[in-house]
Amino acid sequence: MSAVLHTGLAELVTCTGEGPDPVERLGVLPDAALVVREGVVDWIGPVAEAPVADERVDHGGRSMIPAFVDSHSHLVFAGDRSAEFTARMAGIPYDGGGIATTMTATRAATEDELRALLAARVAELRGQGSDLVEIKTGYGLDVATETRAARLAAEVTDEVTFLGAHVVPPEYRDHRADYVELVTGPMLDAVAPYARWIDVFCEPNSPYSFTGEESREVLEAGRRAGLGLRVHGNQLGPGPGVRLAVELGAASVDHCTFLDDADVDALAGGDTIATLLPGVEFSTRSPYPDARRLLDAGVRVALATDCNPGTCYSSSMPLMIALAVREMGMHPAEALCAATATAADSLHRTDAGRIRVGDPARLTVLDAPSWEHLAYRPGVPLSRPVTGADSPWPSSQRSA
Ligand SMILES: [Zn+2]
């Protein structure tokens, strides 16, 4: 059994700390070392007490954090919407209508084309230090294409989410109830074998997405099929999404941009995690959600990219951290925890988002002496994954 000892770490951030102080919750160990054996964290402790291993990587004074968990993405699609982005930056507001553009391109793509596009996006995301990723369907909106999207997503992650209720496709605009029936019937039956979660774009403010009652039907059908619940809620305006998610015990309600006091109270009193997606507000030039208000009310907050071709075509978790700190009132330590441990919790995963003995080694090394540099140096590519016995940065030393 091959064991690799990682040393030269100015800081090892475990995200296993406790207490009211966000920095304490990061569980930062100075001058620590770590042994990985067969892909599992086998030992953590002071470098002076490190055991002998088969190989050793000296990271040269860099810092190690848990790999980011991207708990909300839409990576299975063809085409792009750069023209829509440019138009929006010229003043045309977003209303959810562009999703049909991606639907048309995705239906027309071959399976091999979609698989290659997905693989490239996952590689891009992992190359920046994310590991576990949740991937939604939602650009097929017919039984065959939704099933294909779920099957392809299941080839690259265990966290596949059925989002047939992304928008009502154009062919059903005049008889929406029939589409809800399709999503909660034959489409759900076909996709559920590949999925762990069901999601719905609950947004009465958009004519393309779903009302509170339609959303409830979708979520309850998913639950009957054995899927966990996630909700896109309160993105474009006030609405019923957040309270519905909490009422039904969803694992996560995502966006949470427009909240009233009752929404915040519901989140504070429930088990549902609020996943904020600041790349969307950045890319649509919209007001940011108020993370500070949620955290001060005792709500658990996660961060994710929402990587998708329309409203945020970024796979960068460090960008989300920087935006959360700069624009949403999060302490840098809260933002890092939200992008790792809390994001893993939102997927009900205990084997990601923290660095603990016995867990899979999902490790990211920052080309910086401290985790603080993540938010402090926005736009600089500081984070890379540790894969196998290799060090991600060229100047690190590897020896047998
Ligand atoms: Zn989304």
# chains A, B, ... in the order shown; residues from 1 in each chain; ligands from 1
>>> residues_around(residues="Val167 in chain A", least_positions_apart="2", cutoff="12 Å", atoms="only C-alpha atoms", output="PyMOL selection string")
chain A and resi 95-103+137-142+163-165+169-173+176+179-180+183+199-204+206-211+214-215+232
>>> residues_near_ligand(ligand="ligand 1", cutoff="7 Å", atoms="only C-alpha atoms and all ligand atoms", output="NGL selection string")
:A and (72-74 or 232 or 306)
>>> select_by_dssp(residues="range 92-187 of chain A", states="strand (DSSP E)", output="list in words")
Ser130, Asp131, Leu132, Val133, Glu134, Ile135, Lys136, Glu159, Val160, Thr161, Phe162, Leu163, Gly164 and Ala165 of chain A
>>> select_by_dssp(residues="range 160-307 of chain A", states="alpha helix (DSSP H)", output="MDAnalysis selection string")
chainID A and resid 176:182 188:191 212:224 241:247 261:269 278:284 291:296
>>> write_last_selection(atoms="C-alpha atoms", output="mmCIF file, in the first residue's frame")
data_model
loop_
_atom_site.group_PDB
_atom_site.id
_atom_site.type_symbol
_atom_site.label_atom_id
_atom_site.label_comp_id
_atom_site.auth_asym_id
_atom_site.auth_seq_id
_atom_site.Cartn_x
_atom_site.Cartn_y
_atom_site.Cartn_z
ATOM 1 C CA ARG A 176 -48.607 24.096 -18.666
ATOM 2 C CA ALA A 177 -50.509 21.560 -16.582
ATOM 3 C CA ASP A 178 -49.695 18.889 -19.152
ATOM 4 C CA TYR A 179 -46.006 19.629 -18.771
ATOM 5 C CA VAL A 180 -46.195 19.327 -14.970
ATOM 6 C CA GLU A 181 -47.951 16.011 -15.502
ATOM 7 C CA LEU A 182 -45.145 14.862 -17.821
ATOM 8 C CA LEU A 188 -39.568 11.351 -13.508
ATOM 9 C CA ASP A 189 -39.874 7.584 -13.997
ATOM 10 C CA ALA A 190 -37.232 7.656 -16.740
ATOM 11 C CA VAL A 191 -34.740 9.958 -14.985
ATOM 12 C CA GLY A 212 -45.599 27.580 -5.756
ATOM 13 C CA GLU A 213 -48.362 25.033 -6.310
ATOM 14 C CA GLU A 214 -46.730 23.565 -9.421
ATOM 15 C CA SER A 215 -43.435 23.390 -7.535
ATOM 16 C CA ARG A 216 -45.067 21.541 -4.660
ATOM 17 C CA GLU A 217 -46.460 18.940 -7.089
ATOM 18 C CA VAL A 218 -43.030 18.422 -8.624
ATOM 19 C CA LEU A 219 -41.233 18.108 -5.302
ATOM 20 C CA GLU A 220 -43.787 15.762 -3.778
ATOM 21 C CA ALA A 221 -43.633 13.508 -6.829
ATOM 22 C CA GLY A 222 -39.852 13.448 -6.582
ATOM 23 C CA ARG A 223 -40.019 12.541 -2.941
ATOM 24 C CA ARG A 224 -42.410 9.677 -3.681
ATOM 25 C CA GLY A 241 -39.849 29.060 -2.969
ATOM 26 C CA VAL A 242 -37.957 29.446 0.282
ATOM 27 C CA ARG A 243 -40.891 28.674 2.570
ATOM 28 C CA LEU A 244 -41.956 25.735 0.412
ATOM 29 C CA ALA A 245 -38.420 24.314 0.572
ATOM 30 C CA VAL A 246 -38.327 24.589 4.356
ATOM 31 C CA GLU A 247 -41.837 23.196 4.756
ATOM 32 C CA ASP A 261 -38.544 38.403 7.338
ATOM 33 C CA ALA A 262 -40.841 35.371 7.218
ATOM 34 C CA ASP A 263 -38.471 33.663 4.762
ATOM 35 C CA VAL A 264 -35.477 34.301 7.007
ATOM 36 C CA ASP A 265 -37.386 33.094 10.069
ATOM 37 C CA ALA A 266 -38.428 29.936 8.235
ATOM 38 C CA LEU A 267 -34.839 29.195 7.217
ATOM 39 C CA ALA A 268 -33.578 29.860 10.749
ATOM 40 C CA GLY A 269 -36.139 27.469 12.181
ATOM 41 C CA PRO A 278 -23.289 35.229 -6.238
ATOM 42 C CA GLY A 279 -21.896 34.552 -9.700
ATOM 43 C CA VAL A 280 -25.461 34.914 -10.968
ATOM 44 C CA GLU A 281 -25.918 38.385 -9.520
ATOM 45 C CA PHE A 282 -22.457 39.305 -10.815
ATOM 46 C CA SER A 283 -23.237 38.040 -14.324
ATOM 47 C CA THR A 284 -26.762 39.455 -14.484
ATOM 48 C CA ALA A 291 -25.665 36.642 3.410
ATOM 49 C CA ARG A 292 -24.961 38.647 6.572
ATOM 50 C CA ARG A 293 -28.658 38.865 7.412
ATOM 51 C CA LEU A 294 -29.007 35.098 7.011
ATOM 52 C CA LEU A 295 -25.914 34.244 9.039
ATOM 53 C CA ASP A 296 -26.860 36.647 11.826
#
>>> residues_around(residues="Thr387 in chain A", least_positions_apart="2", cutoff="12 Å", atoms="only C-alpha atoms", output="list in words")
Val4, Val36, Glu38, Gly39, Val40, Val57, Ala67, Arg126, Gly127, Gly129, Ser130, Asp131, Pro360, Ala361, Arg362, Leu363, Thr364, Val365, Arg384, Pro385, Ala389, Asp390, Ser391, Pro392 and Trp393 of chain A
>>> closest_residue(among="A:Ala338, A:Thr14, A:His166, A:Met320", to="Leu34 in chain A", atoms="only C-alpha atoms")
A:Thr14
>>> residues_around(residues="range 7-9 of chain A", least_positions_apart="3", cutoff="12 Å", atoms="only C-alpha atoms", output="ChimeraX atom specification")
/A:4,12-13,28-36,44-53,55-65,364-371,391,395-399
>>> atom_distance(atom1="CA of Ala83 in chain A", atom2="CA of Cys312 in chain A")
13.4 Å
>>> atom_distance(atom1="CA of Ala344 in chain A", atom2="CA of Ser71 in chain A")
7.2 Å
>>> residues_around(residues="range 86-89 of chain A", least_positions_apart="2", cutoff="10 Å", atoms="only C-alpha atoms", output="PyMOL selection string")
chain A and resi 81-84+91-94+283-285+311
>>> atom_distance(atom1="CA of Ser383 in chain A", atom2="CA of Asp54 in chain A")
25.7 Å
